[in-house]
Structures are given as structure tokens and as C-alpha cells.
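Visitor: I have a structure I would like to understand better, so I am pasting it below and will then ask my questions one at a time.
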Amino acid sequence: MQPSLREDYLEAVQLFSNKNARFPLTEELAAALSKPVPAVRSDIEKLVSGGDVIIVAEGSITLTAQGKQTGTCVMKKHETLQCFLSEILGMDSHRASDEACTLEHTVSDETIDRLGKLIGTHEHHRHQEKGKHRTPAGERACKGETDEYCESPGISDFSEGDEVVIQCIHGRACAQRLLDLGLVPGEHATIKRKLSNGALVVQVKGCDVAVSPEIASAIGVERLP
Amino acid sequence: MKIALLGNPGVGKSLIFNQLTGLGVEVNRYPGSSVELECGNVCYKQEKTEIVDLPGIYSLDGNSEEETLVRTFLTSGGADVIVAVLDATKLERNLYLFVQAAEFSPKMIAVVNMIDAAERQGMHIDAESLSSHIGVPVILAAASEGRNIDRILPVALGQATPAKVHVPYDHHIEAALKSLEKTIGTPMHTNLLALQGTGDDTVLLDAAGAIAQEIGMRHRMSVGQIIATNRHNFAREITASVVKRTAQKKPYDLDSLLTRSFPGIPILCTILFLLLLSVFMIGSWMEEIIVTVFTTSVIAPFLALGLPPLWNQIGFSVLIALQAGLGIAFPFIFTFYIGLSLLEDTGYMTRAAFLSDRAMHRIGLHGEAIIPMVIGFGCTVPAIMSLRLLKTRREQTIAAILVTMIPCSARTVVIAGIVAAFVGIFWAFSIYLIIFILLILTAVVLSRITPGEQFGMIVEMSTLRRPQARLVLAKSWLRIKEFLFIAMPVLIVTSILLGLFQFFGLTELFEQLVAPVTVTLLGLPGYASTALLFGVFRKELAFETLAVLAGTANLGMVMTSVQLYTFAIVSVLFVPCVSTIAVLYRQLGARIAIITSLYTVFLGLIIGAIINILMK
Ligand SMILES: Nc1nc2c(ncn2[C@@H]2O[C@H](COP(=O)(O)OP(=O)(O)OP(=O)(O)O)[C@@H](O)[C@H]2O)c(=O)[nH]1
Ligand SMILES: [Mg+2]
């Protein structure tokens, strides 16, 4: 079962139970999701075998602790996202958020578009959580997770004495420390030393920072005009 | 009242702490020298005030051990007042941490330290203007001269207030913070962390993660980068309005020598070689004096007392232990620590790290690993504790095994006392050479077989500074005290044990048991096995015990040169001492401790056997 589909179901069950103070029957859930009953029934069976829900005697679909956790998470996530969208769309913040949070599925085209993207990225999100308790930044190596938006050359392509403007940091792991040391986009930096292996001393904000070659190549820069 | 010192690494927190409390805490010049919380009490106006020295950090957002520690400390309201220590010469970068800390809204004051260095660079900092920008009292101080340090406590206790800073975040970030606050109800600093993926509330993290992705897509830049940029820009604006610079003649930049491959690397090698050579020379010279004086003025009179045999044996063992302890602590370790402290206080260590980055990459480590290795020449225990500089498990494992192989001062005593004294000084150096080759081979193999990914070095270069004799001595003294504290009890207890063993004739039993290894494989006299065994407690005991068991200090009379050489090399390689094993276990777990111990035993025996076969 698609993780996004699973989340949609759990969210719907959670929403229903929040609204009606009881868990839905299969037919009610199908109505809420506007899907045909047989499809919902077969999906629910998968959820049961996944340990997310159980069917109690009267046939109502009851969330397990695990299902409830996911359901709440997804619900909150959507709610917050909509709040956020209305914030930046510039509506009156109080009313907008109230509305956006209650009107789950009737928002502007842009939001639906965004939501679509969000659901498209669920896959990615799940992955991150599998490794659970997110590996501390230091444990991940620099390579891998690159910042796909940034096409500037690495600072390692420049030579000693060059003055550059930092554009972006590729890779999330080393990014944090570099950002903290002041290597942020837009900052001017001078290459004070470059060894033959590519290790660099970069001067930024009046401080010298020494980096290994592989880290240097993760710092995207442009030459100072 | 509880006051905590917060600041970037190397801004002088520990020095201020020492001056406020009069306690000794290590003052170091490489990032992250203090990792645990140090606490001390002072009485101010009849009120007990506890002062905490927090580890130095660059940011409160990260996930490193120190950052998490300080963050937890702040969120749990660990202190009533936070004294933010800022480096005047790097004010902009230091304010970045300040604005982060201010978001947790504790009561704060700011101490702008190193004002002496800033003045020398022609920087003038307007304390009042800074204070009005950040909304807390500001003290301009110079801890190394003790300037204005006495104002810290009165101001911290009397005038601390929550800082009034509000970083103008990007409006998308602001919108995200508002939404999270509304829907989840968490405070701003928690939300900021959650947007960057830190926290333990899964509902919050999930919601924040979704928004973060959204913002990332709109800006084509990760949320972490946006937040950091906003904070840095804010810090830059403040700095621009409070710092005035007068043009100053640039002093000669020593780094144009120190950080180039040439002459930087030759300088690095020379410095390290001189450090070891002077420890070796000064150490053996001073040790001889101490041992002679101790023997004639303490041991001889004691033996002349003619106590009953058992008591005589115990008393003698204690004295021998004291002699061994003093004979190594002051000549070797203290000399080494003075050299090390000099290197650290000048700020040279970070240059060494930069230069050795390339060589260290070959063995699966990065430049910063040079620091534990250099410390390891003094004593393995603090060297292993400093391994947390290295971020990944893989690096720590490789470095731990290498560090335990590095000849510490105690092993220097064995090499100097046995090989240099009875075989020849060049043979003594050949032992270093053999160990060096083994180290490299081990490192190359380890870097191939240890699982995990390699991680590069990002290290801030410490400012080069002339070291102050008083501070260097104080630091060396502190370290030697720590050493005596760990080593002396072990030394005395094992020495008494050895005495009793001998007294009841148990040593012979042991010697017979392992005779096949010692006598046949290594070609050593039977009693050498006992000496090796006791070397496990403290390395120099191998030498002392050998002399006691041989019944003469003139080892050259009872053993051949090959035997002495073999003995020295086996005991140097063979199993790290118990304190090392204990600290390995504590830092890296039982598996690494056992693997390291077994590996070194095999290495010692194999090399010993090879030498025995080749040279016999
Ligand atoms: N010139 C000058 N040097 C100072 C001053 N205060 C401290 N130092 C030097 O700065 C260096 C670092 O001081 P520490 O007290 O170890 O710094 P720290 O903040 O505790 O560092 P970490 O424990 O690594 O976080 C030492 O060599 C001090 O002698 C000062 O006011 N002026
Ligand atoms: Mg410190």
C-alpha cells in the first residue's frame, strides 16, 4: 500500500473521529473520501494487517496507537501547512488560519497544487523517518544529499588569494557547521591558503576557517564581481 | 543563584571561570576543549553563587554532543543568569550565538572579552551602544589581564535581564513560526529548531518538515541556510554600528610561513620532533636525579629500619611506587605538558591540524586527529578522552587504536631506561621507528576495514598569540595533578600486590606457566614475564619491576642487549595500561577496548618473536 494512501486513510479516520466523537464505519469512510466502498474495504484490510486499525464488533474502524499517531501527525501537518499558506498569501491572519484549518479540501488552486507536491514527497519523508531519530548531522557524510538548486562551482575551483561570494552549501551534514561559522549565502570570503591537495583556509567575517578538500568542494561560490 | 558562562570555543570562558572561582579548569586553544559542565561556587555578598563553565559552541541549532548539552541546559532553565562571553575581535561571529541564546529568553549579560587584543588591532567597541542594541548590560573585559573581571558578578546578579533582540527573519520563516505556534502551540525557539529538523515532538517535526520543504522549494535554498543568513546579517548590522576601526599597520602575518606546505610542514615536523626529543632528554636526565635522591634519602633509610619481613616488603613496595610515580610524572609528563601547553596557547595546534589534513586523509581520518595523537605522546588517557573532537564512530575507532599504540611518556621511560641506557641511544630511536612503521601499517589497514563514511575537517583557526608563562605553567600543573591523581593510587596498589606476590612466592608459579612464551618465543629470562604483566598496570612498572626482579638496577649485567631490546619493544607495544583500557571502555565501549587490547598483545608478541629470531 502506498504510504501516501495509508496516510490519507488514517487522516480521514482521525478527522472523522474528531468530528463525530466515534470511529467511522466502512461506508462512512468511503463517503468521506468519496471512494467506492469495495475499494475502501480492501484497503482497510491492508491497514488492519499493517496494525494501523482494528475492526471492532459493530464494524467501526478503530485506530490503534500506531495508527492514531500517524493520523494525528498527518492531520496536524496538513492543518499547519494550510495555516502557513494563508499566512503568506497575506489574509487576515486570525480568520484565515481558522478557515484554512477547517476547510481541509476546499482551498485555492495553488494550495492544492502545493498539497499535491507535498503528497508526492511523502515517500521521501517516510524514508527519512525509517532511519529514525534522524542521524545526528555529524554522522552523515558531506556527499550524497546535494542541494539540487545550486549550480555554482565549488570554492575548490578557485585559487589562493581569490575573493568570492558564497552562493550555497551543498549537502546538509557539513552545512550546519559551515553556516554557523559564517559561510552563508551572500557572504564575501577570501581564500587565504590553498594546499596542493585542495585543503583551504577561508577568511570570512574576519575569522579563518580551515576545511578539508571534500568540504571545500561543497561550498558553492561565484567570483566577486 | 546559578550563573552559566556561554560562548564560542576559545573566547576565554574557562579563564574567566578560573578567575571567578579560583578553581582550576583546563584552558585550551583548540575548539571544544571543555566538554563537560564544570561547576564552582563563590560567595558574593554572603550569598552562595554557583558558576557553570559550559562547553564552547558555535551554534545552538546543531546536533553535536556539546550543542545538545548546552541546548538542554538552556531549555531546562539550568541557570538563573547566562553570562554570554563574546570575543571582541570576532564580535560579529560571536553575536550569532548570542542572538540564538537570546531566543530562549533567559536573563543575560554580555561580557566582551579579549578587549586588549581588539585594541591592539585598532578596534574600538562602544559598550553603551552595544548594550542598547541587545538590551542587556555589556562589560568590556580582558581576562588575561584580569581587567573588569570583578564587575561580572555584581552586574550578573544585579542587572541581568532577558535580551531584547528580534532577528528579522525572512517573512516565510516568520509565517511558518506563526502557523506552528497557532496549530501546535509550541514556542518560537522550539519551532525554529523544528524547522531545521531538530526536536523530539514527532507531530511538530512532521508539520515543520512539511513547511520547511515548502519554503525550501520557494527559495531554492534550505531553511537552515535562510535562518543562518538572517541571523548573521542581523549580527553584522549590530557590529557595524558598534565597532569603530582605526587603520593600523598590519603586523607580519606568521601564517604565511606556518600554513604553507613549505616551510609549514618542515616546521611542523621539527616542532614535533623537538618536543619529543626534549621530553626524552630532559626527562631521562631529571629522572636519574630524582631516583638517586629518592634512593639515598628515603629508601635506604627505610630499609635500614629492619622492620619485620612482611611490613618491610609492603613499605618497600609503596616507596618504590612513589619513586616510580615521581620519576615519571615530573621529568617526563610535566616536561611534555609544558611543551603541549605552549603549542596550544600559541594557537599552533589548529595549524598543525590543517597541515596534516592530507596525510590524515590517507589513513581515513582528517586533520583534527593530529591533536589526540600529539597528546598521546604524553599520556594515552587524556588523548583518548580528546577523541570526541572527531565526529564519527569510524574516525574515533581508527584514532583510538592508533593512539593506544603511540609511545606515551611511561613507555618513553621504558625505552630510555632500558634501551637508551644499556643498549644505545640509536637503538632507542629505532624502537620509535618500528612503532611508527607499525602505526602507519595499522592505520592503512584500519582505514580499509573500518565501516562508516569519511568526514572532512571544518575547524576555526585560533588566533596566533604569544603564550603567557603563568598560564602555561598553571595549565601544565593542573594536568600533572590530574595525572598524579589517576596514576598514583594504581601505582601504589599494584606495587603492594607485586610485593605480596613475591613474598608468598606466587610470581614463580606465574613465570613457569607462561615460560613457553617468554623463554622460548621471546628468549627472555623467566622473571621478565612478571615484569611484563605488571607493565599492564602502568607501563613504567615493567621497567621498575624488571630491575627489582633482576635484583640489580644495572640490567646490562643480567640480560643481553638483544634480550633488553626485545623486552623493551614487547612492553611498549603490548596491551595498553589498565587506565587506558578503562577509558577506552568508557568512551567507545567494550568491543573496541577488547579488540585494541588483543591486537596490541599479538602485535607485541609477534614483533618480539621476530626480533628474537632475527637477532639471536
Ligand atoms: N589576549 C587575550 N587572551 C585571552 C583573553 N582571555 C582568554 N585568553 C586566551 O584565550 C585562550 C582560550 O581561553 P579559554 O578560557 O580556554 O577559552 P574557552 O572559552 O574556555 O574555550 P573552550 O573551552 O574551548 O570553549 C587561552 O589561551 C587564553 O589565555 C583575553 O582577555 N585576552
Ligand atoms: Mg573552556
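Starting from 1 in every chain, residues are counted up; chains themselves are A, B, ... following the order of the C-alpha cells, and ligands are numbered from 1 as listed.
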As a ChimeraX atom specification, please: every protein or nucleic acid residue near ligand 1 (cut-off 9 Å, counting only C-alpha atoms and all ligand atoms).

Guide: /B:5-18,25-35,53-57,85,87-88,112-118,141-147,344-347,462-463,465-468,471-472

Visitor: Could you check the closest approach to ligand 2 for each of B:Ile401, B:Ala359, B:Lys475, B:Ile418 and tell me which residue wins, using only C-alpha atoms and all ligand atoms?

Guide: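 Of B:Ile401, B:Ala359, B:Lys475, B:Ile418, the one nearest ligand 2, counting only C-alpha atoms and all ligand atoms, is B:Lys475.
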